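Here is the structure we will look at, set down as C-alpha cells.
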Amino acid sequence: MGRGTFNGWPQRLVKCFVLLVLLTFIAGFFFNYIHRGSGSQSPHPVERELYEVISPSTYKYVLNQPDKCKGKQPFLVLMVPVAPGDRSSRDAVRNTWGQEDSLPDVVILRIFFLGLTAGKQDPRTQGDLERESREHRDIVQMDFLDSYRNLTVKTMMMMNWLATSCAGASYAMKIDADIFLNVRYLVDRLLGPPTSTAPRRSYITGSVISDGQPRRDRKSKWYIPEEVYLETSYPPYVSGAGYVFSVDLAARISWASRFVRPLPLEDVYVGLCLRVLGVRPAYTYSLRNLFEVRHLAYERCLYSRLVIVNGFKPPQLLRIWHDFQKAPFTC
Ligand SMILES: *[C@@H]1O[C@H](CO)[C@@H](O)[C@H](O)[C@H]1NC(C)=O
C-alpha cells in the first residue's frame with residue numbers, strides 16, 4: 001500500500017475542486033464579457049418583469065405597415081409619435097414636412113406611431129383610425145396604453161419596427177408632431193447630399209443635453225426616484241423633440257434596452273442605451289443650435305438655416321409652411 005492509493009481520494013477531490021473554481025471563473029468572465037457591449041461600464045441585464053415593460057415581445061400590432069419599406073432603400077424615415085385621437089396633427093404633418101415626395105430623388109417615408117386610447121377603446125375612433133390607415137398607409141399602432149409616461153415604450157417600439165421592418169433605410173428621425181422640420185436642410189446639408197455620401201454609422205444627433213440631472217422633487221413632471229435611477233447625473237442625450245440617427249442604431253438601441261431599467265423619460269432612456277453601446281451623440285452647431293427645442297418667432301430666412309423649431313399647433317404649421325416654400329428663392 002503506497003501513499004498514492006492512500007491519498008488518492010483527497011487528491012482527486014482537490015483536483016475536482018480546482019477545476020470547478022477555474023470553470024466558475026471562466027464562465028463568470030465570459031458571461032460578463034457577453035453582457036458588456038462596448039460600453040465602458042459593465043451593465044447587468046434588468047430583471048425580467050422590468051424588461052417586459054419595454055420588450056417588443058410584450059406588445060402586438062393593431063395596425064401595421066409591414067411593406068412600407070419593401071423594395072425601397074429610404075434615405076430618411078420620419079417616425080412621428082402621436083396620440084390616436086390627434087388627427088389634425090397628423091394631417092398637418094402630412095401636408096407640410098411629412099410629405100413623402102417633398103424632395104425629388106430622395107426617398108422619404110413617414111410613419112405615425114400610436115398606442116391605444118385610455119379606458120375602453122372607443123369603437124368609433126378605432127374605426128376612423130382604420131379608415132385613415134387604409135387611406136394613407138402611414139399608421140402603426142400597438143396595444144399599449146398611449147400616455148405620456150409610456151412614451152419610452154413607444155420609442156422602443158419604433159426602434160424595433162425600424163430594425164425589423166425598415167433596416168435598409170439610411171437614417172431615421174424621431175420627431176414630435178408639433179415641430180417645424182426643415183427637410184431640405186436636414187437631407188442636403190446635414191446628412192447628405194444623399195447621392196454622394198455613404199451613410200454614417202453609429203450616428204445620432206439633435207439638441208444634445210450633456211448636463212442633465214434626475215429631478216428628485218416629487219411634484220416635478222420629470223421626477224425620477226432613486227430606486228429607478230441612482231446616479232446623480234444623466235449621460236449625454238438628445239432632446240426628444242426631434243433627433244436623427246443612422247438606422248443601424250435602431251437594432252442596437254433595442255438590444256441595449258435589456259440592460260437599462262425602464263424610466264418614463266424617453267430621451268434620457270435612449271441616452272442610457274447609447275451609453276451601454278459606447279455611442280456619443282454628435283453636436284450640430286453652426287451659428288446656433290440647428291435643433292432649436294424652444295419656440296422661435298417665425299422668420300423665413302432664419303428658419304431656412306435650422307433643422308427643427310419647437311412649438312407649433314397644426315394651423316400655425318400649415319401657415320408658415322406655405323410661406324417657407326419661398327425660402328430657396330429669397331434667402
Ligand atoms: C403603459 O402601457 C401598459 C400596457 O398597455 C399599461 O398597462 C400601463 O398602465 C401603461 N402605463 C402608463 C404609466 O400609462
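Labels for the C-alpha cells follow display order: chains A, B, ..., residues from 1 in each chain, ligands from 1.
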Residues within 10 Å of ligand 1 should be enumerated using only C-alpha atoms and all ligand atoms and returned as a compact mmCIF listing (two decimals) with N, CA and C atoms, in the first residue's frame.
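File written: selection-v7.txt
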# COMPACT_ATOMS: atom_id res chain seq x y z
N VAL A 53 -41.72 45.36 -19.64
CA VAL A 53 -42.42 46.62 -19.89
C VAL A 53 -42.01 47.23 -21.25
N ILE A 54 -40.74 47.04 -21.64
CA ILE A 54 -40.27 47.66 -22.89
C ILE A 54 -39.87 46.63 -23.94
N THR A 58 -43.74 41.88 -25.77
CA THR A 58 -44.89 42.09 -24.89
C THR A 58 -46.11 42.62 -25.65
N TYR A 59 -45.88 43.34 -26.75
CA TYR A 59 -46.98 44.06 -27.41
C TYR A 59 -47.26 43.52 -28.81
N GLY A 115 -50.38 54.31 -29.65
CA GLY A 115 -50.82 53.26 -28.75
C GLY A 115 -52.34 53.20 -28.76
N LEU A 116 -52.93 52.71 -27.69
CA LEU A 116 -54.39 52.65 -27.60
C LEU A 116 -54.90 53.79 -26.73
N THR A 117 -56.11 54.25 -27.00
CA THR A 117 -56.68 55.31 -26.16
C THR A 117 -57.06 54.74 -24.80
N ALA A 118 -57.06 55.61 -23.80
CA ALA A 118 -57.31 55.19 -22.42
C ALA A 118 -58.71 54.63 -22.27
N MET A 142 -49.81 50.00 -31.73
CA MET A 142 -49.57 48.80 -30.91
C MET A 142 -50.45 48.85 -29.67
N ASP A 143 -50.57 47.69 -29.00
CA ASP A 143 -51.59 47.59 -27.95
C ASP A 143 -51.08 47.94 -26.55
N PHE A 144 -50.36 49.05 -26.45
CA PHE A 144 -50.06 49.60 -25.11
C PHE A 144 -50.85 50.88 -24.96
N LEU A 145 -51.07 51.28 -23.71
CA LEU A 145 -51.83 52.49 -23.45
C LEU A 145 -51.04 53.72 -23.88
N ASP A 146 -51.65 54.54 -24.72
CA ASP A 146 -50.98 55.74 -25.20
C ASP A 146 -51.03 56.82 -24.13
N SER A 147 -49.91 57.00 -23.40
CA SER A 147 -49.88 58.00 -22.33
C SER A 147 -48.50 58.63 -22.29
N TYR A 148 -48.41 59.76 -21.60
CA TYR A 148 -47.13 60.45 -21.50
C TYR A 148 -46.07 59.54 -20.89
N ARG A 149 -46.46 58.85 -19.83
CA ARG A 149 -45.47 58.00 -19.15
C ARG A 149 -45.12 56.73 -19.91
N ASN A 150 -45.84 56.46 -20.99
CA ASN A 150 -45.50 55.30 -21.82
C ASN A 150 -44.74 55.69 -23.09
N LEU A 151 -44.23 56.92 -23.15
CA LEU A 151 -43.50 57.34 -24.34
C LEU A 151 -42.22 56.53 -24.54
N THR A 152 -41.62 56.08 -23.44
CA THR A 152 -40.43 55.24 -23.58
C THR A 152 -40.79 53.94 -24.28
N VAL A 153 -41.95 53.38 -23.91
CA VAL A 153 -42.41 52.16 -24.58
C VAL A 153 -42.58 52.44 -26.07
N LYS A 154 -43.22 53.58 -26.38
CA LYS A 154 -43.46 53.92 -27.79
C LYS A 154 -42.15 54.03 -28.56
N PRO A 264 -39.51 56.74 -17.31
CA PRO A 264 -40.51 57.35 -18.18
C PRO A 264 -40.05 58.59 -18.94
Write down as a list in words the residues of range 89-230 of chain A whose backbone DSSP state falls under strand (DSSP E).
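Matching residues, listed in order: Ile108, Leu109, Arg110, Ile111, Phe112, Phe113, Leu114, Gly115, Leu116, Ile139, Val140, Gln141, Met142, Asp143, Phe144, Leu145, Tyr171, Ala172, Met173, Lys174, Ile175, Ile179, Phe180, Leu181, Ile204, Thr205, Val208 and Ile209 of chain A.
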Who sits within 8 Å of range 167-171 of chain A, only C-alpha atoms, same chain under 2 positions skipped, as a JSON list (two decimals) with N, CA and C atoms, in the first residue's frame:
[["chain", "number", "residue", "atom", "x", "y", "z"],
["A", 69, "CYS", "N", -41.44, 49.66, -46.38],
["A", 69, "CYS", "CA", -40.07, 49.83, -46.86],
["A", 69, "CYS", "C", -39.66, 48.77, -47.89],
["A", 72, "LYS", "N", -37.65, 49.26, -51.24],
["A", 72, "LYS", "CA", -37.15, 50.64, -51.26],
["A", 72, "LYS", "C", -35.91, 50.72, -50.37],
["A", 73, "GLN", "N", -35.08, 51.71, -50.63],
["A", 73, "GLN", "CA", -34.00, 51.98, -49.69],
["A", 73, "GLN", "C", -34.15, 53.41, -49.25],
["A", 74, "PRO", "N", -35.06, 53.66, -48.32],
["A", 74, "PRO", "CA", -35.32, 55.05, -47.93],
["A", 74, "PRO", "C", -34.06, 55.73, -47.40],
["A", 75, "PHE", "N", -33.92, 57.00, -47.74],
["A", 75, "PHE", "CA", -32.82, 57.76, -47.19],
["A", 75, "PHE", "C", -33.17, 58.21, -45.78],
["A", 76, "LEU", "N", -34.46, 58.52, -45.59],
["A", 76, "LEU", "CA", -34.89, 59.05, -44.29],
["A", 76, "LEU", "C", -36.29, 58.54, -43.96],
["A", 77, "VAL", "N", -36.45, 58.02, -42.75],
["A", 77, "VAL", "CA", -37.77, 57.62, -42.28],
["A", 77, "VAL", "C", -38.15, 58.54, -41.13],
["A", 162, "LEU", "N", -38.22, 49.78, -36.83],
["A", 162, "LEU", "CA", -37.17, 50.13, -37.79],
["A", 162, "LEU", "C", -36.23, 48.94, -38.02],
["A", 163, "ALA", "N", -35.84, 48.31, -36.92],
["A", 163, "ALA", "CA", -34.88, 47.20, -37.01],
["A", 163, "ALA", "C", -35.48, 46.00, -37.74],
["A", 164, "THR", "N", -36.78, 45.78, -37.60],
["A", 164, "THR", "CA", -37.37, 44.58, -38.20],
["A", 164, "THR", "C", -38.04, 44.86, -39.55],
["A", 165, "SER", "N", -38.56, 46.08, -39.75],
["A", 165, "SER", "CA", -39.31, 46.34, -40.99],
["A", 165, "SER", "C", -38.65, 47.32, -41.94],
["A", 173, "MET", "N", -35.61, 59.65, -38.22],
["A", 173, "MET", "CA", -35.75, 60.78, -37.31],
["A", 173, "MET", "C", -36.97, 60.56, -36.45],
["A", 199, "PRO", "N", -23.90, 56.62, -46.07],
["A", 199, "PRO", "CA", -24.50, 56.93, -44.77],
["A", 199, "PRO", "C", -23.55, 56.62, -43.62],
["A", 244, "VAL", "N", -32.08, 62.69, -34.94],
["A", 244, "VAL", "CA", -31.81, 61.95, -36.17],
["A", 244, "VAL", "C", -30.75, 60.90, -35.87],
["A", 245, "PHE", "N", -30.92, 59.71, -36.43],
["A", 245, "PHE", "CA", -29.90, 58.69, -36.20],
["A", 245, "PHE", "C", -29.76, 57.77, -37.40],
["A", 246, "SER", "N", -28.58, 57.16, -37.51],
["A", 246, "SER", "CA", -28.38, 56.18, -38.57],
["A", 246, "SER", "C", -29.13, 54.91, -38.16],
["A", 247, "VAL", "N", -29.77, 54.26, -39.14],
["A", 247, "VAL", "CA", -30.71, 53.19, -38.80],
["A", 247, "VAL", "C", -30.03, 51.95, -38.19],
["A", 248, "ASP", "N", -28.71, 51.79, -38.39],
["A", 248, "ASP", "CA", -28.02, 50.68, -37.72],
["A", 248, "ASP", "C", -28.20, 50.75, -36.20]]
Residue set, range 96-248 of chain A restricted to alpha helix (DSSP H), as a VMD selection string
chain A and resid 123 to 136 151 to 165 183 to 184 248
Contact table range 252-277 of chain A vs range 209-214 of chain A, cut-off 10 Å, shortest pair per residue, only C-alpha atoms, as JSON lines:
{"residue": "A:Asp267", "atom": "CA", "partner": "A:Ile209", "partner_atom": "CA", "distance": 9.8}
{"residue": "A:Val268", "atom": "CA", "partner": "A:Gly212", "partner_atom": "CA", "distance": 8.5}
{"residue": "A:Gly271", "atom": "CA", "partner": "A:Ile209", "partner_atom": "CA", "distance": 9.6}
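The two atoms in question, CA of Arg200 in chain A and CA of Leu109 in chain A, are spaced 18.8 Å apart.
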Taking only C-alpha atoms into account, produce a table as a Markdown table in which each residue of range 93-189 of chain A with an atom at most 12 Å from an atom of range 283-297 of chain A appears once, together with its shortest atom pair and the distance in Å to one decimal, ordered by chain and rising number.
| residue | atom | partner | partner_atom | distance |
| --- | --- | --- | --- | --- |
| A:Ile175 | CA | A:Phe291 | CA | 11.1 |
| A:Asp176 | CA | A:Val293 | CA | 11.0 |
| A:Asp178 | CA | A:His295 | CA | 10.6 |
| A:Ile179 | CA | A:Val293 | CA | 8.8 |
| A:Phe180 | CA | A:Glu292 | CA | 9.7 |
| A:Leu181 | CA | A:Phe291 | CA | 9.3 |
| A:Asn182 | CA | A:Leu290 | CA | 10.1 |
| A:Tyr185 | CA | A:Leu290 | CA | 9.7 |
| A:Leu186 | CA | A:Leu290 | CA | 9.3 |
| A:Arg189 | CA | A:Leu290 | CA | 11.1 |
